[in-house]
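Participant: What follows is entry37.pdb; its format and atoms are PDB, C-alpha atoms and all ligand atoms.
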ATOM      1  CA  MET A   1      22.088  56.426  -5.849
ATOM      2  CA  GLY A   2      20.973  53.439  -3.737
ATOM      3  CA  SER A   3      22.565  50.080  -4.505
ATOM      4  CA  LEU A   4      20.529  46.949  -5.031
ATOM      5  CA  PHE A   5      21.247  45.975  -1.444
ATOM      6  CA  SER A   6      20.718  49.368   0.177
ATOM      7  CA  SER A   7      18.535  49.307   3.270
ATOM      8  CA  SER A   8      15.924  51.577   1.633
ATOM      9  CA  ILE A   9      14.946  48.783  -0.718
ATOM     10  CA  THR A  10      12.549  46.246   0.735
ATOM     11  CA  LEU A  11      12.378  43.027  -1.189
ATOM     12  CA  ARG A  12       8.691  42.158  -1.256
ATOM     13  CA  LYS A  13       7.397  38.778  -2.356
ATOM     14  CA  SER A  14       4.496  39.218  -4.733
ATOM     15  CA  VAL A  15       1.167  37.795  -3.569
ATOM     16  CA  LYS A  16      -0.049  35.052  -5.892
ATOM     17  CA  ILE A  17      -3.453  35.396  -7.508
ATOM     18  CA  SER A  18      -5.532  32.322  -8.358
ATOM     19  CA  ASP A  19      -7.395  32.099 -11.673
ATOM     20  CA  ASP A  20     -10.682  32.519  -9.832
ATOM     21  CA  GLU A  21      -9.480  35.634  -7.971
ATOM     22  CA  PHE A  22      -8.101  37.011 -11.217
ATOM     23  CA  VAL A  23     -11.463  36.645 -12.959
ATOM     24  CA  GLN A  24     -13.302  38.280 -10.029
ATOM     25  CA  LEU A  25     -10.909  41.221  -9.927
ATOM     26  CA  ARG A  26     -10.812  41.567 -13.698
ATOM     27  CA  ASP A  27     -14.624  41.574 -13.913
ATOM     28  CA  PHE A  28     -14.853  44.176 -11.154
ATOM     29  CA  ILE A  29     -12.357  46.446 -12.939
ATOM     30  CA  TYR A  30     -14.202  45.956 -16.214
ATOM     31  CA  GLU A  31     -17.601  46.701 -14.702
ATOM     32  CA  LYS A  32     -16.295  49.939 -13.164
ATOM     33  CA  SER A  33     -13.987  51.309 -15.872
ATOM     34  CA  GLY A  34     -14.409  49.284 -19.054
ATOM     35  CA  ILE A  35     -10.710  48.374 -18.859
ATOM     36  CA  PHE A  36     -10.296  44.743 -19.848
ATOM     37  CA  VAL A  37      -7.271  42.776 -18.665
ATOM     38  CA  ASP A  38      -6.434  39.582 -20.532
ATOM     39  CA  ILE A  39      -5.574  36.487 -18.471
ATOM     40  CA  LYS A  40      -2.147  36.530 -20.156
ATOM     41  CA  ARG A  41      -1.411  39.625 -18.082
ATOM     42  CA  LYS A  42      -2.270  37.961 -14.770
ATOM     43  CA  TYR A  43       1.327  38.453 -13.625
ATOM     44  CA  LEU A  44       0.735  42.210 -13.913
ATOM     45  CA  PHE A  45      -1.842  42.054 -11.154
ATOM     46  CA  GLU A  46       0.607  40.194  -8.937
ATOM     47  CA  SER A  47       3.386  42.724  -9.503
ATOM     48  CA  ARG A  48       1.236  45.851  -9.378
ATOM     49  CA  PHE A  49      -1.028  44.975  -6.454
ATOM     50  CA  SER A  50       1.399  43.331  -4.024
ATOM     51  CA  LYS A  51       2.544  46.643  -2.552
ATOM     52  CA  ARG A  52      -1.056  47.800  -2.093
ATOM     53  CA  LEU A  53      -2.018  44.539  -0.372
ATOM     54  CA  ALA A  54       0.946  44.947   1.985
ATOM     55  CA  GLN A  55      -0.055  48.543   2.771
ATOM     56  CA  LEU A  56      -3.513  47.298   3.704
ATOM     57  CA  SER A  57      -2.054  44.317   5.640
ATOM     58  CA  LEU A  58      -3.980  41.936   3.422
ATOM     59  CA  SER A  59      -2.411  38.605   2.596
ATOM     60  CA  SER A  60      -4.588  37.416  -0.277
ATOM     61  CA  PHE A  61      -6.370  38.744  -3.336
ATOM     62  CA  ALA A  62      -9.623  37.228  -2.008
ATOM     63  CA  ASP A  63      -9.370  39.593   1.004
ATOM     64  CA  TYR A  64      -8.513  42.513  -1.285
ATOM     65  CA  ILE A  65     -11.569  41.854  -3.473
ATOM     66  CA  LYS A  66     -13.785  41.836  -0.336
ATOM     67  CA  TYR A  67     -12.172  45.100   0.792
ATOM     68  CA  LEU A  68     -12.804  46.666  -2.613
ATOM     69  CA  LYS A  69     -16.420  45.608  -2.748
ATOM     70  CA  PHE A  70     -17.540  45.945   0.866
ATOM     71  CA  GLY A  71     -14.805  47.748   2.830
ATOM     72  CA  PRO A  72     -15.566  51.017   4.676
ATOM     73  CA  ASN A  73     -13.232  52.903   2.288
ATOM     74  CA  LYS A  74     -14.396  51.213  -0.896
ATOM     75  CA  ASN A  75     -14.796  54.509  -2.806
ATOM     76  CA  ASP A  76     -11.264  55.658  -1.984
ATOM     77  CA  GLU A  77      -9.931  52.210  -2.750
ATOM     78  CA  LEU A  78     -11.590  52.330  -6.166
ATOM     79  CA  LYS A  79      -9.501  55.435  -6.976
ATOM     80  CA  LYS A  80      -6.351  53.583  -5.882
ATOM     81  CA  LEU A  81      -7.416  50.675  -8.053
ATOM     82  CA  TYR A  82      -7.700  52.982 -11.063
ATOM     83  CA  GLU A  83      -4.142  54.163 -10.430
ATOM     84  CA  LEU A  84      -2.952  50.560 -10.403
ATOM     85  CA  VAL A  85      -4.708  49.436 -13.556
ATOM     86  CA  THR A  86      -4.190  52.395 -15.861
ATOM     87  CA  THR A  87      -1.209  52.994 -18.105
ATOM     88  CA  ASN A  88      -0.546  56.721 -18.211
ATOM     89  CA  GLU A  89       2.248  56.821 -20.786
ATOM     90  CA  THR A  90       2.110  60.117 -22.662
ATOM     91  CA  SER A  91       4.274  63.004 -23.829
ATOM     92  CA  LEU A  92       4.014  66.429 -25.406
ATOM     93  CA  PHE A  93       3.843  66.446 -29.203
ATOM     94  CA  ARG A  94       3.224  62.698 -29.246
ATOM     95  CA  ASP A  95       2.867  61.386 -32.807
ATOM     96  CA  ILE A  96       4.108  64.392 -34.763
ATOM     97  CA  LYS A  97       2.798  63.088 -38.108
ATOM     98  CA  GLN A  98      -0.728  62.925 -36.774
ATOM     99  CA  LEU A  99      -0.403  66.366 -35.205
ATOM    100  CA  ASP A 100       0.850  67.849 -38.493
ATOM    101  CA  ALA A 101      -2.170  66.370 -40.274
ATOM    102  CA  PHE A 102      -4.412  67.688 -37.539
ATOM    103  CA  ARG A 103      -2.980  71.213 -37.743
ATOM    104  CA  ASP A 104      -2.922  71.431 -41.549
ATOM    105  CA  ASN A 105      -6.233  69.708 -42.301
ATOM    106  CA  VAL A 106      -8.666  68.995 -39.480
ATOM    107  CA  LEU A 107      -8.012  72.132 -37.439
ATOM    108  CA  LYS A 108      -7.750  74.343 -40.517
ATOM    109  CA  GLU A 109     -11.071  73.008 -41.851
ATOM    110  CA  LYS A 110     -12.859  73.608 -38.560
ATOM    111  CA  LEU A 111     -11.423  77.102 -38.094
ATOM    112  CA  ASP A 112     -12.380  78.069 -41.668
ATOM    113  CA  GLN A 113     -15.866  76.644 -41.159
ATOM    114  CA  GLN A 114     -16.373  78.579 -37.945
ATOM    115  CA  ARG A 115     -15.047  81.805 -39.472
ATOM    116  CA  LYS A 116     -17.473  81.418 -42.381
ATOM    117  CA  ALA A 117     -20.341  80.831 -39.967
ATOM    118  CA  GLY A 118     -19.258  83.897 -37.985
ATOM    119  CA  LYS A 119     -18.859  81.802 -34.811
ATOM    120  CA  LEU A 120     -15.348  82.178 -33.478
ATOM    121  CA  GLU A 121     -15.729  79.255 -31.117
ATOM    122  CA  LEU A 122     -14.084  75.828 -31.078
ATOM    123  CA  ASN A 123     -14.705  72.946 -28.669
ATOM    124  CA  ILE A 124     -12.215  70.127 -28.309
ATOM    125  CA  TRP A 125     -12.442  67.144 -25.984
ATOM    126  CA  SER A 126      -9.313  65.291 -24.914
ATOM    127  CA  ALA A 127     -10.673  62.000 -23.551
ATOM    128  CA  GLY A 128      -8.062  60.099 -21.533
ATOM    129  CA  CYS A 129      -5.686  63.055 -21.236
ATOM    130  CA  SER A 130      -3.396  61.411 -18.647
ATOM    131  CA  SER A 131      -1.092  64.057 -17.091
ATOM    132  CA  GLY A 132      -2.101  66.795 -19.537
ATOM    133  CA  GLU A 133       0.545  66.680 -22.251
ATOM    134  CA  GLU A 134      -2.058  66.014 -24.982
ATOM    135  CA  PRO A 135      -4.427  68.950 -24.270
ATOM    136  CA  TYR A 136      -1.453  71.290 -23.748
ATOM    137  CA  THR A 137      -0.063  70.205 -27.117
ATOM    138  CA  LEU A 138      -3.427  70.948 -28.750
ATOM    139  CA  SER A 139      -3.620  74.350 -27.094
ATOM    140  CA  ILE A 140      -0.076  75.169 -28.294
ATOM    141  CA  LEU A 141      -0.933  74.119 -31.865
ATOM    142  CA  ILE A 142      -4.017  76.326 -31.833
ATOM    143  CA  HIS A 143      -1.931  79.246 -30.543
ATOM    144  CA  GLU A 144       0.611  78.607 -33.312
ATOM    145  CA  VAL A 145      -2.087  78.638 -35.996
ATOM    146  CA  LEU A 146      -4.205  81.525 -34.737
ATOM    147  CA  ARG A 147      -1.379  83.725 -33.379
ATOM    148  CA  MET A 148      -2.799  87.178 -32.490
ATOM    149  CA  GLU A 149      -6.230  86.197 -33.807
ATOM    150  CA  ILE A 150      -6.693  83.878 -30.816
ATOM    151  CA  ALA A 151      -7.796  86.829 -28.684
ATOM    152  CA  ARG A 152     -11.034  86.962 -30.712
ATOM    153  CA  TRP A 153     -11.776  83.248 -30.344
ATOM    154  CA  LYS A 154     -13.460  81.266 -27.622
ATOM    155  CA  ILE A 155     -11.460  78.046 -27.474
ATOM    156  CA  ASN A 156     -12.570  75.343 -25.011
ATOM    157  CA  ILE A 157     -10.557  72.192 -24.430
ATOM    158  CA  THR A 158     -12.205  69.756 -22.031
ATOM    159  CA  ALA A 159      -9.603  67.300 -20.760
ATOM    160  CA  VAL A 160     -10.710  64.289 -18.722
ATOM    161  CA  ASP A 161      -9.080  61.212 -17.243
ATOM    162  CA  LEU A 162     -10.063  58.365 -14.937
ATOM    163  CA  SER A 163      -7.100  58.943 -12.656
ATOM    164  CA  GLN A 164      -7.331  61.826 -10.164
ATOM    165  CA  PRO A 165      -3.527  61.940  -9.561
ATOM    166  CA  MET A 166      -3.044  62.357 -13.334
ATOM    167  CA  ILE A 167      -5.562  65.223 -13.380
ATOM    168  CA  ASP A 168      -3.746  66.832 -10.416
ATOM    169  CA  LYS A 169      -0.440  66.548 -12.266
ATOM    170  CA  ALA A 170      -2.029  67.969 -15.419
ATOM    171  CA  LYS A 171      -3.295  70.999 -13.510
ATOM    172  CA  LYS A 172       0.231  71.688 -12.225
ATOM    173  CA  GLY A 173       1.544  71.695 -15.806
ATOM    174  CA  VAL A 174       5.180  71.069 -14.870
ATOM    175  CA  TYR A 175       7.099  68.564 -16.977
ATOM    176  CA  GLY A 176      10.525  66.930 -17.040
ATOM    177  CA  ASP A 177      12.742  65.972 -19.962
ATOM    178  CA  TYR A 178      10.831  62.777 -20.785
ATOM    179  CA  SER A 179       7.686  64.714 -21.660
ATOM    180  CA  PHE A 180       9.644  66.873 -24.114
ATOM    181  CA  LYS A 181      11.294  64.035 -26.028
ATOM    182  CA  THR A 182       9.580  64.946 -29.329
ATOM    183  CA  THR A 183       8.856  68.623 -28.660
ATOM    184  CA  PRO A 184      10.580  71.112 -30.978
ATOM    185  CA  ASP A 185      13.051  73.233 -28.973
ATOM    186  CA  ASP A 186      11.609  76.565 -30.061
ATOM    187  CA  ILE A 187       8.151  75.482 -28.860
ATOM    188  CA  LYS A 188       9.576  74.514 -25.478
ATOM    189  CA  LYS A 189      11.225  77.904 -25.123
ATOM    190  CA  ARG A 190       8.183  79.885 -26.211
ATOM    191  CA  TYR A 191       5.469  78.094 -24.266
ATOM    192  CA  PHE A 192       7.243  76.957 -21.072
ATOM    193  CA  THR A 193       9.246  78.661 -18.355
ATOM    194  CA  GLU A 194      11.963  76.980 -16.321
ATOM    195  CA  ALA A 195      10.804  75.945 -12.851
ATOM    196  CA  PRO A 196      12.735  74.280  -9.988
ATOM    197  CA  ASP A 197      11.220  70.875 -10.785
ATOM    198  CA  GLY A 198      11.034  71.041 -14.586
ATOM    199  CA  TRP A 199       9.397  73.293 -17.163
ATOM    200  CA  LYS A 200       6.093  74.974 -16.421
ATOM    201  CA  ILE A 201       3.485  75.647 -19.072
ATOM    202  CA  LYS A 202       2.652  79.340 -19.567
ATOM    203  CA  PRO A 203      -0.791  80.565 -18.386
ATOM    204  CA  ALA A 204      -1.942  81.512 -21.908
ATOM    205  CA  VAL A 205      -1.761  77.832 -22.905
ATOM    206  CA  THR A 206      -3.675  76.612 -19.856
ATOM    207  CA  LYS A 207      -6.422  79.209 -20.229
ATOM    208  CA  PRO A 208      -8.629  77.320 -22.742
ATOM    209  CA  ILE A 209      -8.342  74.019 -20.856
ATOM    210  CA  THR A 210     -10.657  72.601 -18.180
ATOM    211  CA  PHE A 211      -9.397  69.460 -16.484
ATOM    212  CA  GLN A 212     -11.680  67.047 -14.697
ATOM    213  CA  GLN A 213     -11.666  63.500 -13.409
ATOM    214  CA  MET A 214     -14.150  61.453 -15.408
ATOM    215  CA  ASN A 215     -14.801  57.820 -16.206
ATOM    216  CA  LEU A 216     -15.502  57.127 -19.887
ATOM    217  CA  ASN A 217     -17.692  54.267 -18.655
ATOM    218  CA  ASP A 218     -20.031  56.780 -17.036
ATOM    219  CA  GLY A 219     -22.492  57.515 -19.841
ATOM    220  CA  LEU A 220     -24.390  60.160 -17.849
ATOM    221  CA  ALA A 221     -21.212  62.126 -17.062
ATOM    222  CA  LEU A 222     -20.196  62.058 -20.730
ATOM    223  CA  LYS A 223     -23.545  63.579 -21.691
ATOM    224  CA  ARG A 224     -22.635  66.674 -19.664
ATOM    225  CA  ILE A 225     -19.610  67.465 -21.876
ATOM    226  CA  ALA A 226     -20.261  70.346 -24.283
ATOM    227  CA  ARG A 227     -20.733  69.270 -27.911
ATOM    228  CA  SER A 228     -17.339  69.066 -29.618
ATOM    229  CA  HIS A 229     -15.954  69.951 -33.028
ATOM    230  CA  ILE A 230     -13.032  67.578 -32.484
ATOM    231  CA  ILE A 231     -12.413  64.721 -30.046
ATOM    232  CA  PHE A 232      -8.981  63.312 -29.282
ATOM    233  CA  CYS A 233      -9.064  59.879 -27.689
ATOM    234  CA  ARG A 234      -5.620  58.483 -28.310
ATOM    235  CA  ASN A 235      -4.153  55.330 -26.794
ATOM    236  CA  VAL A 236      -7.150  54.786 -24.528
ATOM    237  CA  ILE A 237      -9.568  52.422 -26.277
ATOM    238  CA  ILE A 238      -6.787  49.842 -26.698
ATOM    239  CA  TYR A 239      -7.436  49.015 -23.026
ATOM    240  CA  PHE A 240     -11.141  48.354 -23.639
ATOM    241  CA  ASP A 241     -12.887  45.281 -25.007
ATOM    242  CA  GLU A 242     -15.075  45.491 -28.130
ATOM    243  CA  ASN A 243     -18.244  46.168 -26.169
ATOM    244  CA  MET A 244     -16.774  49.079 -24.236
ATOM    245  CA  LYS A 245     -15.091  50.449 -27.385
ATOM    246  CA  LYS A 246     -18.525  50.514 -29.057
ATOM    247  CA  LYS A 247     -20.141  52.172 -26.065
ATOM    248  CA  VAL A 248     -17.493  54.911 -25.805
ATOM    249  CA  VAL A 249     -17.308  55.547 -29.550
ATOM    250  CA  ASN A 250     -21.131  55.856 -29.646
ATOM    251  CA  SER A 251     -20.890  58.493 -26.918
ATOM    252  CA  PHE A 252     -18.265  60.320 -28.974
ATOM    253  CA  TYR A 253     -20.550  60.158 -32.007
ATOM    254  CA  ASP A 254     -23.418  61.661 -30.010
ATOM    255  CA  ASN A 255     -21.163  64.362 -28.579
ATOM    256  CA  LEU A 256     -19.641  65.434 -31.885
ATOM    257  CA  LEU A 257     -21.223  68.266 -33.820
ATOM    258  CA  PRO A 258     -22.092  67.496 -37.469
ATOM    259  CA  ASP A 259     -18.891  67.114 -39.550
ATOM    260  CA  GLY A 260     -16.886  66.779 -36.345
ATOM    261  CA  TYR A 261     -13.745  64.677 -36.127
ATOM    262  CA  LEU A 262     -12.564  61.842 -33.912
ATOM    263  CA  MET A 263      -8.786  61.343 -33.674
ATOM    264  CA  LEU A 264      -7.548  57.985 -32.313
ATOM    265  CA  GLY A 265      -4.080  56.678 -31.457
ATOM    266  CA  HIS A 266      -1.937  55.301 -34.280
ATOM    267  CA  SER A 267      -2.543  51.648 -33.314
ATOM    268  CA  GLU A 268      -6.282  52.135 -32.856
ATOM    269  CA  THR A 269      -9.048  51.762 -35.419
ATOM    270  CA  LEU A 270     -12.841  51.857 -35.688
ATOM    271  CA  HIS A 271     -12.805  48.572 -37.612
ATOM    272  CA  LYS A 272     -15.451  46.310 -35.977
ATOM    273  CA  VAL A 273     -16.346  49.182 -33.624
ATOM    274  CA  SER A 274     -18.371  51.689 -35.622
ATOM    275  CA  GLN A 275     -19.423  52.296 -39.207
ATOM    276  CA  SER A 276     -20.869  55.715 -38.477
ATOM    277  CA  PHE A 277     -17.685  57.632 -39.243
ATOM    278  CA  LYS A 278     -16.036  58.288 -42.582
ATOM    279  CA  PRO A 279     -12.278  57.625 -42.464
ATOM    280  CA  ILE A 280     -10.365  60.509 -44.013
ATOM    281  CA  PHE A 281      -6.820  59.492 -44.899
ATOM    282  CA  HIS A 282      -3.910  61.880 -44.352
ATOM    283  CA  PRO A 283      -0.188  61.025 -44.515
ATOM    284  CA  GLY A 284       0.525  59.022 -41.364
ATOM    285  CA  THR A 285      -2.948  59.194 -39.871
ATOM    286  CA  ILE A 286      -6.682  58.714 -40.262
ATOM    287  CA  ALA A 287      -9.220  61.282 -39.062
ATOM    288  CA  TYR A 288     -12.709  59.883 -38.473
ATOM    289  CA  LYS A 289     -15.421  62.266 -39.607
ATOM    290  CA  LYS A 290     -19.003  62.324 -38.387
ATOM    291  CA  GLU A 291     -20.915  63.065 -41.524
ATOM    292  CA  GLY A 292     -24.111  65.044 -41.657
TER
HETATM  293  C1  LIG B 301      -1.803  55.656 -22.376
HETATM  294  S1  LIG B 301      -2.646  57.059 -21.692
HETATM  295  C2  LIG B 301      -2.884  58.059 -23.137
HETATM  296  C3  LIG B 301      -2.734  59.540 -22.865
HETATM  297  C4  LIG B 301      -2.870  60.441 -24.080
HETATM  298  N1  LIG B 301      -4.187  60.346 -24.654
HETATM  299  C5  LIG B 301      -1.817  60.120 -25.107
HETATM  300  O1  LIG B 301      -2.132  59.491 -26.128
HETATM  301  O2  LIG B 301      -0.666  60.465 -24.911
HETATM  302  C6  LIG B 301      -4.277  56.355 -21.410
HETATM  303  C7  LIG B 301      -5.098  57.165 -20.418
HETATM  304  O3  LIG B 301      -6.453  56.730 -20.489
HETATM  305  C8  LIG B 301      -7.009  56.801 -19.195
HETATM  306  N2  LIG B 301      -8.188  55.925 -19.092
HETATM  307  C9  LIG B 301      -8.242  54.576 -19.148
HETATM  308  N3  LIG B 301      -9.494  54.153 -18.940
HETATM  309  C10 LIG B 301     -10.255  55.258 -18.776
HETATM  310  C11 LIG B 301     -11.636  55.465 -18.492
HETATM  311  N4  LIG B 301     -12.485  54.444 -18.343
HETATM  312  N5  LIG B 301     -12.063  56.740 -18.360
HETATM  313  C12 LIG B 301     -11.217  57.793 -18.501
HETATM  314  N6  LIG B 301      -9.895  57.642 -18.751
HETATM  315  C13 LIG B 301      -9.427  56.387 -18.871
HETATM  316  C14 LIG B 301      -5.868  56.356 -18.288
HETATM  317  O4  LIG B 301      -6.042  56.812 -16.958
HETATM  318  C15 LIG B 301      -4.651  56.962 -18.983
HETATM  319  O5  LIG B 301      -4.267  58.175 -18.401
END
Show me the file's structure as structure tokens.
Facilitator:
Amino acid sequence: MGSLFSSSITLRKSVKISDDEFVQLRDFIYEKSGIFVDIKRKYLFESRFSKRLAQLSLSSFADYIKYLKFGPNKNDELKKLYELVTTNETSLFRDIKQLDAFRDNVLKEKLDQQRKAGKLELNIWSAGCSSGEEPYTLSILIHEVLRMEIARWKINITAVDLSQPMIDKAKKGVYGDYSFKTTPDDIKKRYFTEAPDGWKIKPAVTKPITFQQMNLNDGLALKRIARSHIIFCRNVIIYFDENMKKKVVNSFYDNLLPDGYLMLGHSETLHKVSQSFKPIFHPGTIAYKKEG
């Protein structure tokens, strides 16, 4: 382990950002991704971007903003920017109470409904899937519920995220201990195999999932997603302002099939965002239902 003074550690002074530069950069990020950064978190820009500025040999945020807007590699730089501004915290079986309610109520209702209609098909959208733990968890839960019957079903899980490196990691499907912190042991053993760099998800679980890079601020791209029975968008809209929350939730409403469900993160709510959903209360969670 390297010590604090080991030669591999370079002490880098963070580049200071003025209020004006902060507002310009914040507005640019907001315009592109809908992510809104409060001025109170200005220090975050300084700590997160200093390394990138050094890599580009830029000494000020003003120069970085010019590079982002007009530089020859502005499209590639935008992807780097997304990596710097997103928080990708996630894990398998995150929020067990919500997942129990999902399995025993929302999923059960949808499966029963589809069986009755004679359509053994279920579409789920994981919006803001980070490195894939959420869609894999959903696929595992569906396998647990359907067991052998799954062979007769057409399950589609569309998993999207703004960050391409997160999508690449998701496609690999290899996870370390941190990702398993709330995963039951028997699930880990049944659905993962040991790999040199962690635990790899089994192919049966990946089969229903399609991963793709997508920006939830891109209304046209969202329209191309197949209509869903259930949407998971957990711990994503907390990074948006009210306007963007409304825009994204409206897109979810349009995408959902009648009686479809929207599942948000435990600290997120549709209060002041949309009145088009009926909140259905379950122990430890709320499922938002599109009625009619
Ligand atoms: C905190 S993670 C949540 C991951 C997972 N849903 C969960 O709850 O464990 C938030 C994710 O939302 C993604 N995100 C943020 N803004 C986005 C946008 N405009 N379009 C698509 N994904 C976005 C981030 O890249 C990040 O991976």
Participant: Residues at most 7 Å from A:Lys290, counting all atoms listed in the file, excluding those fewer than 4 positions away in the same chain, as a PyMOL selection string?
Facilitator: chain A and resi 253+258-261+276-278
Participant: Got a sec to resolve the PyMOL selection byres (((chain A and resi 150) around 12) and not hetatm) on this structure and send the residues as a list in words?
Facilitator: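 For this structure, the PyMOL selection byres (((chain A and resi 150) around 12) and not hetatm) captures Leu111, Leu120, Glu121, Leu122, Ser139, Ile140, Leu141, Ile142, His143, Glu144, Val145, Leu146, Arg147, Met148, Glu149, Ala151, Arg152, Trp153, Lys154, Ile155, Asn156, Ala204, Val205, Lys207 and Pro208 of chain A.
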Participant: When the PyMOL selection byres (((not hetatm)) within 7 of (chain B and resi 301)) is applied to the file above, which residues end up in the set, as a compact mmCIF listing (two decimals) with C-alpha atoms, keeping the file's coordinate frame?
Facilitator:
# COMPACT_ATOMS: atom_id res chain seq x y z
CA SER A 33 -13.99 51.31 -15.87
CA GLY A 34 -14.41 49.28 -19.05
CA ILE A 35 -10.71 48.37 -18.86
CA THR A 86 -4.19 52.40 -15.86
CA THR A 87 -1.21 52.99 -18.10
CA ASN A 88 -0.55 56.72 -18.21
CA GLU A 89 2.25 56.82 -20.79
CA THR A 90 2.11 60.12 -22.66
CA SER A 91 4.27 63.00 -23.83
CA ARG A 94 3.22 62.70 -29.25
CA ALA A 127 -10.67 62.00 -23.55
CA GLY A 128 -8.06 60.10 -21.53
CA CYS A 129 -5.69 63.06 -21.24
CA SER A 130 -3.40 61.41 -18.65
CA SER A 131 -1.09 64.06 -17.09
CA GLU A 133 0.55 66.68 -22.25
CA GLU A 134 -2.06 66.01 -24.98
CA VAL A 160 -10.71 64.29 -18.72
CA ASP A 161 -9.08 61.21 -17.24
CA LEU A 162 -10.06 58.36 -14.94
CA SER A 163 -7.10 58.94 -12.66
CA MET A 166 -3.04 62.36 -13.33
CA MET A 214 -14.15 61.45 -15.41
CA ASN A 215 -14.80 57.82 -16.21
CA LEU A 216 -15.50 57.13 -19.89
CA ASN A 217 -17.69 54.27 -18.66
CA CYS A 233 -9.06 59.88 -27.69
CA ARG A 234 -5.62 58.48 -28.31
CA ASN A 235 -4.15 55.33 -26.79
CA VAL A 236 -7.15 54.79 -24.53
CA TYR A 239 -7.44 49.02 -23.03
CA GLY A 265 -4.08 56.68 -31.46
Participant: Kindly resolve the PyMOL selection byres (((chain A and resi 219-226) around 10) and not hetatm) on the present coordinates and return the residues as a PDB file with C-alpha atoms, in the frame of the given file.
Facilitator:
ATOM      1  CA  ASN A 123     -14.705  72.946 -28.669  1.00  0.00           C
ATOM      2  CA  ILE A 124     -12.215  70.127 -28.309  1.00  0.00           C
ATOM      3  CA  TRP A 125     -12.442  67.144 -25.984  1.00  0.00           C
ATOM      4  CA  ALA A 127     -10.673  62.000 -23.551  1.00  0.00           C
ATOM      5  CA  ASN A 156     -12.570  75.343 -25.011  1.00  0.00           C
ATOM      6  CA  ILE A 157     -10.557  72.192 -24.430  1.00  0.00           C
ATOM      7  CA  THR A 158     -12.205  69.756 -22.031  1.00  0.00           C
ATOM      8  CA  VAL A 160     -10.710  64.289 -18.722  1.00  0.00           C
ATOM      9  CA  MET A 214     -14.150  61.453 -15.408  1.00  0.00           C
ATOM     10  CA  ASN A 215     -14.801  57.820 -16.206  1.00  0.00           C
ATOM     11  CA  LEU A 216     -15.502  57.127 -19.887  1.00  0.00           C
ATOM     12  CA  ASN A 217     -17.692  54.267 -18.655  1.00  0.00           C
ATOM     13  CA  ASP A 218     -20.031  56.780 -17.036  1.00  0.00           C
ATOM     14  CA  ARG A 227     -20.733  69.270 -27.911  1.00  0.00           C
ATOM     15  CA  SER A 228     -17.339  69.066 -29.618  1.00  0.00           C
ATOM     16  CA  HIS A 229     -15.954  69.951 -33.028  1.00  0.00           C
ATOM     17  CA  LYS A 247     -20.141  52.172 -26.065  1.00  0.00           C
ATOM     18  CA  VAL A 248     -17.493  54.911 -25.805  1.00  0.00           C
ATOM     19  CA  SER A 251     -20.890  58.493 -26.918  1.00  0.00           C
ATOM     20  CA  PHE A 252     -18.265  60.320 -28.974  1.00  0.00           C
ATOM     21  CA  ASP A 254     -23.418  61.661 -30.010  1.00  0.00           C
ATOM     22  CA  ASN A 255     -21.163  64.362 -28.579  1.00  0.00           C
ATOM     23  CA  LEU A 256     -19.641  65.434 -31.885  1.00  0.00           C
ATOM     24  CA  LEU A 257     -21.223  68.266 -33.820  1.00  0.00           C
TER      25      LEU A 257
END
Participant: Just give me the gap between atom CA of A:Lys289 and atom CA of A:Gln212 in Å, one decimal is fine.
Facilitator: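 Computing the Euclidean distance for atom CA of A:Lys289 and atom CA of A:Gln212 yields 25.6 Å.
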Participant: Could you check the closest approach to A:Phe28 for each of A:Tyr64, A:Leu99, A:Gln55, A:Lys13 and tell me which residue wins, using all atoms listed in the file?
Facilitator: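 Going through A:Tyr64, A:Leu99, A:Gln55, A:Lys13 one by one, the smallest distance to A:Phe28 is for A:Tyr64.
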Participant: With distances taken over only C-alpha atoms, which residue among A:Trp199, A:Phe180, A:Phe281, A:Phe45 lies nearest A:Phe102?
Facilitator: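 The closest residue to A:Phe102 is A:Phe281.
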Participant: Determine, counting all atoms listed in the file, every residue of protein, DNA or RNA that lies within 8 Å of (-8.6, 55.0, -10.0) in the file coordinates, then give the result as a list in words.
Facilitator: Glu77, Leu78, Lys79, Lys80, Leu81, Tyr82, Glu83, Leu84, Val85, Thr86, Leu162, Ser163 and Gln164 of chain A
Participant: Quote the spacing between atom CA of A:Pro283 and atom CA of A:Asn105 in Å to one decimal place.
Facilitator: 10.8 Å
